[in-house]
Each structure stands twice: as C-alpha cells, then as structure tokens.
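For reference, data-v7.cif (mmCIF, C-alpha atoms (C1' of nucleotides)):
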data_query
loop_
_atom_site.group_PDB
_atom_site.id
_atom_site.type_symbol
_atom_site.label_atom_id
_atom_site.label_comp_id
_atom_site.auth_asym_id
_atom_site.auth_seq_id
_atom_site.Cartn_x
_atom_site.Cartn_y
_atom_site.Cartn_z
ATOM 1 C CA MET A 1 5.361 24.816 7.216
ATOM 2 C CA ALA A 2 2.059 23.594 5.894
ATOM 3 C CA ARG A 3 -1.110 25.318 6.938
ATOM 4 C CA GLN A 4 -2.735 23.747 9.940
ATOM 5 C CA THR A 5 -6.441 23.235 9.423
ATOM 6 C CA GLN A 6 -8.770 21.997 12.073
ATOM 7 C CA GLN A 7 -9.111 18.552 10.526
ATOM 8 C CA ARG A 8 -5.433 18.149 9.882
ATOM 9 C CA ALA A 9 -4.767 19.040 13.521
ATOM 10 C CA ALA A 10 -7.375 16.549 14.741
ATOM 11 C CA ILE A 11 -5.838 13.783 12.647
ATOM 12 C CA LEU A 12 -2.327 14.473 13.895
ATOM 13 C CA LYS A 13 -3.525 14.742 17.466
ATOM 14 C CA ALA A 14 -5.289 11.394 17.224
ATOM 15 C CA LEU A 15 -2.133 9.724 15.946
ATOM 16 C CA VAL A 16 0.048 11.264 18.619
ATOM 17 C CA ALA A 17 -2.399 10.201 21.313
ATOM 18 C CA ALA A 18 -2.703 6.650 20.024
ATOM 19 C CA ASP A 19 1.075 6.223 19.972
ATOM 20 C CA ARG A 20 0.789 3.333 17.551
ATOM 21 C CA PRO A 21 0.218 2.995 13.825
ATOM 22 C CA LEU A 22 -3.444 3.468 12.882
ATOM 23 C CA SER A 23 -5.351 2.521 9.761
ATOM 24 C CA PRO A 24 -7.427 5.196 7.970
ATOM 25 C CA GLY A 25 -10.592 3.813 9.536
ATOM 26 C CA GLU A 26 -9.067 3.934 12.985
ATOM 27 C CA ILE A 27 -7.822 7.458 12.388
ATOM 28 C CA LEU A 28 -11.351 8.483 11.415
ATOM 29 C CA ALA A 29 -12.828 6.974 14.578
ATOM 30 C CA HIS A 30 -10.229 8.522 16.850
ATOM 31 C CA ALA A 31 -10.227 11.941 15.213
ATOM 32 C CA GLN A 32 -14.009 12.164 15.075
ATOM 33 C CA ARG A 33 -13.993 12.411 18.860
ATOM 34 C CA LEU A 34 -12.188 15.712 18.389
ATOM 35 C CA SER A 35 -13.989 16.777 15.224
ATOM 36 C CA PRO A 36 -17.283 14.939 14.704
ATOM 37 C CA ARG A 37 -18.013 16.165 11.177
ATOM 38 C CA LEU A 38 -14.744 14.758 9.851
ATOM 39 C CA GLY A 39 -15.229 12.488 6.830
ATOM 40 C CA ILE A 40 -13.181 9.570 5.589
ATOM 41 C CA ALA A 41 -12.153 11.359 2.372
ATOM 42 C CA THR A 42 -10.584 14.115 4.402
ATOM 43 C CA VAL A 43 -8.683 11.520 6.407
ATOM 44 C CA TYR A 44 -7.230 10.022 3.244
ATOM 45 C CA ARG A 45 -6.387 13.414 1.762
ATOM 46 C CA ASN A 46 -4.729 14.716 4.896
ATOM 47 C CA VAL A 47 -2.855 11.515 5.617
ATOM 48 C CA ARG A 48 -1.439 11.566 2.109
ATOM 49 C CA ARG A 49 -0.282 15.138 2.535
ATOM 50 C CA LEU A 50 1.120 14.498 5.997
ATOM 51 C CA VAL A 51 3.178 11.660 4.582
ATOM 52 C CA LEU A 52 4.413 13.897 1.759
ATOM 53 C CA ASP A 53 5.231 16.572 4.329
ATOM 54 C CA GLY A 54 7.229 14.037 6.275
ATOM 55 C CA GLU A 55 5.119 14.300 9.407
ATOM 56 C CA LEU A 56 3.693 10.806 9.079
ATOM 57 C CA VAL A 57 5.245 7.575 7.938
ATOM 58 C CA GLU A 58 3.340 4.841 6.184
ATOM 59 C CA VAL A 59 3.828 1.458 7.820
ATOM 60 C CA GLN A 60 3.244 -1.345 5.360
ATOM 61 C CA LEU A 61 3.254 -4.886 6.649
ATOM 62 C CA PRO A 62 2.649 -8.010 4.596
ATOM 63 C CA GLY A 63 -1.020 -8.858 4.342
ATOM 64 C CA ALA A 64 -2.090 -5.906 6.454
ATOM 65 C CA PRO A 65 -3.749 -2.656 5.422
ATOM 66 C CA PRO A 66 -1.463 0.369 5.576
ATOM 67 C CA ARG A 67 -1.121 2.132 8.877
ATOM 68 C CA TYR A 68 0.317 5.527 9.677
ATOM 69 C CA GLU A 69 2.433 6.715 12.540
ATOM 70 C CA VAL A 70 4.155 9.916 13.542
ATOM 71 C CA ALA A 71 7.476 10.179 11.735
ATOM 72 C CA ARG A 72 10.684 9.316 13.536
ATOM 73 C CA LYS A 73 14.222 9.311 12.360
ATOM 74 C CA GLY A 74 16.469 6.410 11.547
ATOM 75 C CA HIS A 75 16.417 3.154 9.680
ATOM 76 C CA HIS A 76 14.510 0.550 11.609
ATOM 77 C CA HIS A 77 12.403 -2.524 11.132
ATOM 78 C CA HIS A 78 9.273 -3.950 12.683
ATOM 79 C CA PHE A 79 8.138 -6.744 14.913
ATOM 80 C CA HIS A 80 4.583 -7.960 14.438
ATOM 81 C CA CYS A 81 3.132 -9.826 17.415
ATOM 82 C CA ARG A 82 0.942 -12.650 16.213
ATOM 83 C CA ILE A 83 -1.101 -12.602 19.424
ATOM 84 C CA CYS A 84 -1.981 -8.965 20.045
ATOM 85 C CA ASP A 85 -1.378 -7.874 16.437
ATOM 86 C CA ARG A 86 0.548 -4.830 17.620
ATOM 87 C CA VAL A 87 3.571 -3.646 15.713
ATOM 88 C CA PHE A 88 6.793 -2.526 17.381
ATOM 89 C CA GLU A 89 9.866 -0.855 16.037
ATOM 90 C CA VAL A 90 13.081 -2.777 16.365
ATOM 91 C CA GLU A 91 16.509 -1.205 16.180
ATOM 92 C CA GLY A 92 19.465 -2.614 14.400
ATOM 93 C CA CYS A 93 19.804 -4.099 10.982
ATOM 94 C CA PRO A 94 21.796 -6.997 9.578
ATOM 95 C CA GLY A 95 23.156 -4.744 6.813
ATOM 96 C CA PRO A 96 22.300 -3.694 3.281
ATOM 97 C CA LEU A 97 21.692 -7.330 2.231
ATOM 98 C CA THR A 98 22.919 -6.623 -1.279
ATOM 99 C CA GLY A 99 24.551 -10.038 -1.390
ATOM 100 C CA LEU A 100 21.214 -11.834 -1.334
ATOM 101 C CA ALA A 101 20.064 -10.624 -4.725
ATOM 102 C CA PRO A 102 20.909 -12.538 -7.899
ATOM 103 C CA ASP A 103 23.628 -11.262 -10.209
ATOM 104 C CA GLY A 104 22.564 -8.220 -12.164
ATOM 105 C CA PHE A 105 19.954 -7.160 -9.640
ATOM 106 C CA PHE A 106 20.451 -3.787 -7.983
ATOM 107 C CA VAL A 107 19.338 -3.569 -4.363
ATOM 108 C CA GLU A 108 18.202 -0.121 -3.283
ATOM 109 C CA ALA A 109 16.368 -0.872 -0.060
ATOM 110 C CA HIS A 110 15.069 -3.655 2.094
ATOM 111 C CA GLU A 111 12.363 -4.358 4.605
ATOM 112 C CA ILE A 112 12.512 -6.841 7.446
ATOM 113 C CA VAL A 113 9.544 -7.952 9.517
ATOM 114 C CA LEU A 114 9.942 -10.174 12.540
ATOM 115 C CA TYR A 115 7.041 -12.291 13.693
ATOM 116 C CA GLY A 116 6.491 -13.878 17.066
ATOM 117 C CA LEU A 117 5.488 -12.896 20.558
ATOM 118 C CA CYS A 118 6.018 -9.494 22.056
ATOM 119 C CA ARG A 119 7.228 -9.174 25.627
ATOM 120 C CA GLU A 120 3.744 -9.058 27.136
ATOM 121 C CA CYS A 121 2.357 -11.902 25.077
ATOM 122 C CA ALA A 122 5.402 -14.071 25.689
ATOM 123 C CA ALA A 123 4.977 -13.760 29.468
ATOM 124 C CA MET B 1 -5.437 -35.913 -4.636
ATOM 125 C CA ALA B 2 -7.766 -33.219 -5.741
ATOM 126 C CA ARG B 3 -9.461 -33.564 -9.075
ATOM 127 C CA GLN B 4 -7.583 -31.889 -11.894
ATOM 128 C CA THR B 5 -9.862 -29.770 -14.013
ATOM 129 C CA GLN B 6 -8.735 -28.059 -17.157
ATOM 130 C CA GLN B 7 -8.657 -24.618 -15.558
ATOM 131 C CA ARG B 8 -6.914 -25.784 -12.436
ATOM 132 C CA ALA B 9 -4.251 -27.413 -14.615
ATOM 133 C CA ALA B 10 -3.839 -24.272 -16.710
ATOM 134 C CA ILE B 11 -3.389 -22.139 -13.608
ATOM 135 C CA LEU B 12 -0.784 -24.460 -12.131
ATOM 136 C CA LYS B 13 1.026 -24.717 -15.441
ATOM 137 C CA ALA B 14 1.181 -20.947 -15.776
ATOM 138 C CA LEU B 15 2.706 -20.624 -12.324
ATOM 139 C CA VAL B 16 5.256 -23.328 -12.955
ATOM 140 C CA ALA B 17 6.250 -21.717 -16.247
ATOM 141 C CA ALA B 18 6.552 -18.232 -14.775
ATOM 142 C CA ASP B 19 8.834 -19.449 -11.980
ATOM 143 C CA ARG B 20 8.050 -16.406 -9.878
ATOM 144 C CA PRO B 21 5.154 -15.282 -7.715
ATOM 145 C CA LEU B 22 2.203 -14.011 -9.731
ATOM 146 C CA SER B 23 -0.750 -11.873 -8.749
ATOM 147 C CA PRO B 24 -4.248 -13.075 -9.631
ATOM 148 C CA GLY B 25 -4.324 -10.740 -12.607
ATOM 149 C CA GLU B 26 -0.988 -12.042 -13.845
ATOM 150 C CA ILE B 27 -2.158 -15.610 -13.376
ATOM 151 C CA LEU B 28 -5.219 -14.841 -15.456
ATOM 152 C CA ALA B 29 -3.173 -13.347 -18.276
ATOM 153 C CA HIS B 30 -0.689 -16.201 -18.333
ATOM 154 C CA ALA B 31 -3.226 -18.991 -18.009
ATOM 155 C CA GLN B 32 -5.529 -17.540 -20.629
ATOM 156 C CA ARG B 33 -2.899 -18.353 -23.223
ATOM 157 C CA LEU B 34 -3.548 -21.983 -22.371
ATOM 158 C CA SER B 35 -7.264 -21.648 -21.766
ATOM 159 C CA PRO B 36 -8.736 -18.494 -23.329
ATOM 160 C CA ARG B 37 -12.198 -18.715 -21.775
ATOM 161 C CA LEU B 38 -10.759 -18.680 -18.255
ATOM 162 C CA GLY B 39 -12.302 -15.987 -16.059
ATOM 163 C CA ILE B 40 -10.912 -14.093 -13.106
ATOM 164 C CA ALA B 41 -13.399 -15.611 -10.648
ATOM 165 C CA THR B 42 -12.142 -19.058 -11.518
ATOM 166 C CA VAL B 43 -8.591 -17.922 -10.913
ATOM 167 C CA TYR B 44 -9.484 -16.718 -7.432
ATOM 168 C CA ARG B 45 -11.443 -19.875 -6.623
ATOM 169 C CA ASN B 46 -8.752 -22.242 -7.837
ATOM 170 C CA VAL B 47 -5.902 -20.333 -6.269
ATOM 171 C CA ARG B 48 -7.652 -20.450 -2.915
ATOM 172 C CA ARG B 49 -8.096 -24.195 -3.202
ATOM 173 C CA LEU B 50 -4.546 -24.756 -4.410
ATOM 174 C CA VAL B 51 -3.232 -22.909 -1.382
ATOM 175 C CA LEU B 52 -5.407 -25.030 0.894
ATOM 176 C CA ASP B 53 -4.137 -28.131 -0.886
ATOM 177 C CA GLY B 54 -0.570 -27.008 -0.260
ATOM 178 C CA GLU B 55 0.332 -26.788 -3.928
ATOM 179 C CA LEU B 56 0.655 -23.019 -3.901
ATOM 180 C CA VAL B 57 2.021 -20.619 -1.321
ATOM 181 C CA GLU B 58 0.709 -17.128 -0.793
ATOM 182 C CA VAL B 59 3.423 -14.481 -0.924
ATOM 183 C CA GLN B 60 2.489 -11.337 0.961
ATOM 184 C CA LEU B 61 4.698 -8.313 0.457
ATOM 185 C CA PRO B 62 4.266 -4.937 2.130
ATOM 186 C CA GLY B 63 1.911 -2.690 0.238
ATOM 187 C CA ALA B 64 1.423 -5.153 -2.587
ATOM 188 C CA PRO B 65 -1.504 -7.376 -3.501
ATOM 189 C CA PRO B 66 -0.968 -11.043 -2.631
ATOM 190 C CA ARG B 67 0.950 -13.166 -5.083
ATOM 191 C CA TYR B 68 1.146 -16.919 -5.417
ATOM 192 C CA GLU B 69 3.996 -19.262 -6.172
ATOM 193 C CA VAL B 70 4.422 -22.994 -6.501
ATOM 194 C CA ALA B 71 5.119 -24.520 -3.117
ATOM 195 C CA ARG B 72 8.745 -25.455 -2.638
ATOM 196 C CA LYS B 73 10.818 -26.530 0.219
ATOM 197 C CA GLY B 74 13.300 -24.292 1.829
ATOM 198 C CA HIS B 75 13.429 -20.882 3.345
ATOM 199 C CA HIS B 76 13.807 -18.026 0.878
ATOM 200 C CA HIS B 77 12.978 -14.380 0.458
ATOM 201 C CA HIS B 78 11.862 -12.041 -2.295
ATOM 202 C CA PHE B 79 13.012 -9.198 -4.484
ATOM 203 C CA HIS B 80 10.469 -6.633 -5.625
ATOM 204 C CA CYS B 81 11.437 -4.613 -8.707
ATOM 205 C CA ARG B 82 10.219 -1.047 -8.380
ATOM 206 C CA ILE B 83 10.144 -0.553 -12.144
ATOM 207 C CA CYS B 84 8.348 -3.577 -13.541
ATOM 208 C CA ASP B 85 6.691 -4.500 -10.236
ATOM 209 C CA ARG B 86 7.617 -8.150 -10.682
ATOM 210 C CA VAL B 87 8.658 -10.247 -7.711
ATOM 211 C CA PHE B 88 11.523 -12.741 -7.762
ATOM 212 C CA GLU B 89 12.675 -15.344 -5.316
ATOM 213 C CA VAL B 90 16.098 -14.912 -3.801
ATOM 214 C CA GLU B 91 18.058 -17.628 -2.093
ATOM 215 C CA GLY B 92 20.018 -17.240 1.047
ATOM 216 C CA CYS B 93 19.183 -15.655 4.344
ATOM 217 C CA PRO B 94 21.226 -13.600 6.799
ATOM 218 C CA GLY B 95 20.073 -15.845 9.649
ATOM 219 C CA PRO B 96 17.274 -16.150 12.171
ATOM 220 C CA LEU B 97 17.598 -12.480 13.150
ATOM 221 C CA THR B 98 16.584 -13.230 16.702
ATOM 222 C CA GLY B 99 19.117 -10.703 17.917
ATOM 223 C CA LEU B 100 17.183 -7.798 16.414
ATOM 224 C CA ALA B 101 14.189 -8.102 18.672
ATOM 225 C CA PRO B 102 14.102 -6.322 22.036
ATOM 226 C CA ASP B 103 14.674 -8.293 25.208
ATOM 227 C CA GLY B 104 11.745 -10.487 26.102
ATOM 228 C CA PHE B 105 10.464 -10.723 22.565
ATOM 229 C CA PHE B 106 10.293 -14.178 21.034
ATOM 230 C CA VAL B 107 11.061 -14.335 17.339
ATOM 231 C CA GLU B 108 9.341 -17.181 15.529
ATOM 232 C CA ALA B 109 9.777 -16.161 11.925
ATOM 233 C CA HIS B 110 10.874 -13.324 9.700
ATOM 234 C CA GLU B 111 10.294 -11.925 6.263
ATOM 235 C CA ILE B 112 12.813 -10.034 4.168
ATOM 236 C CA VAL B 113 11.976 -8.086 1.044
ATOM 237 C CA LEU B 114 14.602 -6.505 -1.170
ATOM 238 C CA TYR B 115 13.651 -3.541 -3.336
ATOM 239 C CA GLY B 116 15.442 -2.202 -6.375
ATOM 240 C CA LEU B 117 15.940 -3.008 -10.011
ATOM 241 C CA CYS B 118 15.738 -6.470 -11.480
ATOM 242 C CA ARG B 119 18.279 -7.577 -14.056
ATOM 243 C CA GLU B 120 16.218 -6.441 -17.035
ATOM 244 C CA CYS B 121 15.247 -3.084 -15.574
ATOM 245 C CA ALA B 122 18.799 -2.377 -14.412
ATOM 246 C CA ALA B 123 20.134 -2.815 -17.948
ATOM 247 C "C1'" DT C 1 -27.829 -38.291 -13.886
ATOM 248 C "C1'" DT C 2 -25.866 -35.715 -10.337
ATOM 249 C "C1'" DG C 3 -22.507 -32.785 -7.985
ATOM 250 C "C1'" DG C 4 -18.873 -29.926 -8.726
ATOM 251 C "C1'" DA C 5 -16.676 -26.296 -11.771
ATOM 252 C "C1'" DT C 6 -17.190 -22.222 -14.607
ATOM 253 C "C1'" DG C 7 -18.412 -17.630 -16.644
ATOM 254 C "C1'" DC C 8 -20.802 -13.688 -16.138
ATOM 255 C "C1'" DA C 9 -22.425 -9.986 -13.664
ATOM 256 C "C1'" DA C 10 -23.607 -8.000 -9.455
ATOM 257 C "C1'" DA C 11 -22.092 -7.160 -4.827
ATOM 258 C "C1'" DC C 12 -18.502 -5.646 -1.578
ATOM 259 C "C1'" DG C 13 -14.985 -3.098 0.984
ATOM 260 C "C1'" DC C 14 -11.547 0.154 0.714
ATOM 261 C "C1'" DT C 15 -9.647 4.199 -1.576
ATOM 262 C "C1'" DT C 16 -9.949 8.062 -4.736
ATOM 263 C "C1'" DT C 17 -12.205 11.746 -7.225
ATOM 264 C "C1'" DG C 18 -15.790 15.322 -8.904
ATOM 265 C "C1'" DC C 19 -18.170 18.975 -7.420
ATOM 266 C "C1'" DA C 20 -20.624 22.343 -4.848
ATOM 267 C "C1'" DT C 21 -20.007 24.502 -0.335
ATOM 268 C "C1'" DA C 22 -17.403 26.209 3.531
ATOM 269 C "C1'" DA C 23 -13.327 27.834 5.649
ATOM 270 C "C1'" DT C 24 -8.983 30.381 5.557
ATOM 271 C "C1'" DT C 25 -5.939 34.032 4.008
ATOM 272 C "C1'" DA D 1 -12.140 38.161 -3.262
ATOM 273 C "C1'" DA D 2 -9.252 34.329 -4.183
ATOM 274 C "C1'" DT D 3 -7.520 30.091 -2.844
ATOM 275 C "C1'" DT D 4 -7.596 25.921 -0.446
ATOM 276 C "C1'" DA D 5 -10.092 22.446 2.397
ATOM 277 C "C1'" DT D 6 -14.161 19.724 3.240
ATOM 278 C "C1'" DG D 7 -18.268 16.622 2.953
ATOM 279 C "C1'" DC D 8 -20.961 13.968 0.278
ATOM 280 C "C1'" DA D 9 -21.782 10.913 -3.247
ATOM 281 C "C1'" DA D 10 -20.207 8.587 -7.112
ATOM 282 C "C1'" DA D 11 -16.553 6.253 -9.358
ATOM 283 C "C1'" DG D 12 -12.576 2.935 -9.305
ATOM 284 C "C1'" DC D 13 -10.299 -1.262 -8.363
ATOM 285 C "C1'" DG D 14 -9.398 -5.731 -6.725
ATOM 286 C "C1'" DT D 15 -11.860 -9.573 -4.696
ATOM 287 C "C1'" DT D 16 -15.944 -12.361 -3.632
ATOM 288 C "C1'" DT D 17 -20.458 -14.265 -4.407
ATOM 289 C "C1'" DG D 18 -25.093 -15.593 -6.622
ATOM 290 C "C1'" DC D 19 -26.793 -18.054 -10.143
ATOM 291 C "C1'" DA D 20 -27.665 -20.363 -14.378
ATOM 292 C "C1'" DT D 21 -25.037 -23.357 -17.259
ATOM 293 C "C1'" DC D 22 -21.485 -26.692 -18.424
ATOM 294 C "C1'" DC D 23 -18.681 -30.528 -17.666
ATOM 295 C "C1'" DA D 24 -17.110 -34.759 -15.877
ATOM 296 C "C1'" DA D 25 -17.537 -39.145 -13.533
#

Let's see the structure in the file written out as structure tokens.
Amino acid sequence: MARQTQQRAAILKALVAADRPLSPGEILAHAQRLSPRLGIATVYRNVRRLVLDGELVEVQLPGAPPRYEVARKGHHHHFHCRICDRVFEVEGCPGPLTGLAPDGFFVEAHEIVLYGLCRECAA
Amino acid sequence: MARQTQQRAAILKALVAADRPLSPGEILAHAQRLSPRLGIATVYRNVRRLVLDGELVEVQLPGAPPRYEVARKGHHHHFHCRICDRVFEVEGCPGPLTGLAPDGFFVEAHEIVLYGLCRECAA
DNA sequence: TTGGATGCAAACGCTTTGCATAATT
DNA sequence: AATTATGCAAAGCGTTTGCATCCAA
C-alpha cells in the first residue's frame, strides 16, 4: 500500500465526496478546502500516482479535459449529458466490435460515448 | 462559396490526399509540401473557417488533440492506432445503442473509437 | 487602392519539471 | 539521517492573437 500523505489523502477525500469525475482544477479547488496550502503541481503528481496505483481512473471524453474518478471494477461506457454536462456510467456493451475494423487491423479495445439527455434533463 | 486562397487550397488538398483525419501539426507538415512558406497559425485559421464552411469536420477522440477530416456523408467511426497514433475511419456501426442507456435517458448520438494496431503496425 | 490573408513572434492556458525546503520514516 | 513529498516558479506544448506585410480583386 502506498504511503498516505496529507495531500494525497485530501485529494482522494475530495474525489470521494464529489462522487463525480473532477478535472485537476476542480480537484485543487475541492481539496484546498481540506488543505489550503495544496498546490496544483501536487495535484497533478498525486493524481498520476493514484491512477498508477489503481485508486483513480482517468475519464477521457472527446473534446473534454481529462477527469478523474475513484476506481471501480468492470468494463463500462459513459453517457455525456449535453445539458448539464455531467457524465454517467452506463452498463452493458455491444461486444468487442472487432468486426468494424478494416482487414489487417487488430482491435485491442474500444470506447463508446453516448450523448443526449440524462434522466433529470429529459424530464 | 468562400474565396480560395493558395494556402486554403493547399490545406484542403493535403486532407483529401491523406484520406484520414489529421491534427493541425500533421496538416502543416503535409500542406507544406505543396506550399513551403505555410505557417501553423494559418493552418489553425483556415481549418477553423473550413469547419464553419462545412468543408471539414472536427474529429474529437478521447485524450487526443482534435483532428480534421474532409466532410462526407454518412455515419462512421474511428480507429486509433496506439503505435503510430494515426486515426482511420471505419465503416459500419453496431446500431443506435439506445439500449445501453439507463431508463429515462434519451440517447441522441454516440461515438465509438476502436483502439489497437493499424495494418502497418500490426505487420 | 483597399480589405482580407499570411508569417512571425508574443501571449495564453494547461501540464510538467527543476530545485530548494519541508515532511515522513 | 535518509528518503520522499511539496510549493513555487520556470519551462513545455499546443493553440490563439497582435501586428506589420503581402496578396488579390
């Protein structure tokens, strides 16, 4: 288990409390409430290590800056609400999609992003 | 129809010849073969206008800088080679994927990105 | 001749890194 | 005491913008 410094703890705590993916800037703002002297470089360094440690997962969406969320298990995809800009996990998957690639291409992974209205914004 | 300057023509020609989405840097490199004095600022300015004119389409992939491709008709997706970092269009689509979203969510669109090795890098 | 297009360089925003200091073991 | 973490500032990197110049109608 990696050593738990004060700043690393504040960063993790902020992400757990937010319960949604946060950008580095958002992490800084949230975690500074717990640890005011925290700097942005420390956020980047700790986030990188937390991802390597498997405690955080990087959430990359097209055209959006990377966000980070507490790691969960299982293959899943994302739904991006165009109104509230929140991102939700969606379960299920249409399959490995290897058939879509041209001949000679080797598919190792895939990413699917759904766009539309989340439950609240559709109401 | 928008006026066709030499640089704008070179940029479009490079994209047509490449037949795959190119990043601004790639566009610069390709188009400079046709027009050596071309600068990166001109690439950005022309690409922005070409997108507004509907001649180019911006291709946003997770965690990657935006790329641009010649506007075509028809729904398609992309393949991102993890070795050479090039992006290719792939035809076909598993469907509207509306069934993946949770109840109450309204799916308007989707994006699929395949990752792996392109034909050359797989060889 | 006049307005738009271009190249260059500086500005910008986000991320990373160098380095001296502080914290942790 | 030795090692690792941190803050600050500077450096990178891709993109945008200011400005003088060039080109085209």

With a cut-off of 9 Å and counting all atoms listed in the file, select all residues of chain A in contact with chain C and give the selection as a compact mmCIF listing (two decimals) with C-alpha atoms, keeping the file's coordinate frame.
# COMPACT_ATOMS: atom_id res chain seq x y z
CA THR A 5 -6.44 23.24 9.42
CA ALA A 41 -12.15 11.36 2.37
CA TYR A 44 -7.23 10.02 3.24

* To do: Return the single residue from B:Leu100, B:Ile40, B:Leu56, B:Ala29 that is closest to chain D, with distances computed using all atoms listed in the file.
  => B:Ile40

Enumerate, in order of chain and increasing residue number, the residues of chain A with an atom no farther than 8 Å from chain B, each with its shortest atom pair and distance in Å to one decimal, counting only C-alpha atoms, as a Markdown table.
| residue | atom | partner | partner_atom | distance |
| --- | --- | --- | --- | --- |
| A:Gln60 | CA | B:Pro62 | CA | 4.9 |
| A:Leu61 | CA | B:Pro62 | CA | 4.6 |
| A:Pro62 | CA | B:Pro62 | CA | 4.3 |
| A:Gly63 | CA | B:Gln60 | CA | 5.5 |
| A:Ala64 | CA | B:Pro62 | CA | 7.7 |
| A:Pro65 | CA | B:Gly63 | CA | 7.7 |
| A:Pro66 | CA | B:Gly63 | CA | 7.0 |
| A:Phe79 | CA | B:Ala101 | CA | 7.3 |
| A:Val90 | CA | B:Ala101 | CA | 5.9 |
| A:Glu91 | CA | B:Leu100 | CA | 6.6 |
| A:Gly92 | CA | B:Leu100 | CA | 6.0 |
| A:Cys93 | CA | B:Leu100 | CA | 7.1 |
| A:Pro94 | CA | B:Pro94 | CA | 7.2 |
| A:Leu97 | CA | B:Pro94 | CA | 7.8 |
| A:Leu100 | CA | B:Gly92 | CA | 6.0 |
| A:Ala101 | CA | B:Val90 | CA | 5.9 |
| A:Pro102 | CA | B:Val90 | CA | 6.8 |
| A:Asp103 | CA | B:Arg119 | CA | 7.5 |
| A:Gly104 | CA | B:Arg119 | CA | 4.7 |
| A:Phe105 | CA | B:Cys118 | CA | 4.7 |
| A:Phe106 | CA | B:Leu117 | CA | 5.0 |
| A:Val107 | CA | B:Gly116 | CA | 4.6 |
| A:Glu108 | CA | B:Gly116 | CA | 4.6 |
| A:Ala109 | CA | B:Tyr115 | CA | 5.0 |
| A:His110 | CA | B:Leu114 | CA | 4.4 |
| A:Glu111 | CA | B:Val113 | CA | 5.2 |
| A:Ile112 | CA | B:Ile112 | CA | 4.6 |
| A:Val113 | CA | B:Glu111 | CA | 5.2 |
| A:Leu114 | CA | B:His110 | CA | 4.3 |
| A:Tyr115 | CA | B:Ala109 | CA | 5.1 |
| A:Gly116 | CA | B:Val107 | CA | 4.6 |
| A:Leu117 | CA | B:Phe106 | CA | 5.0 |
| A:Cys118 | CA | B:Phe105 | CA | 4.6 |
| A:Arg119 | CA | B:Phe105 | CA | 4.7 |
| A:Ala122 | CA | B:Phe106 | CA | 6.8 |

* Asked: Quick one: which residues from chain D are at most 10 Å off chain B, using only C-alpha atoms (C1' of nucleotides), as number ranges by chain?
  -> D: 14-17, 23-24

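With CA of Val70 in chain A on one side and CA of Gly54 in chain A on the other, the separation reads 8.9 Å.
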
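We find CA of Lys73 in chain A and CA of Glu55 in chain A to be spaced 10.8 Å apart.
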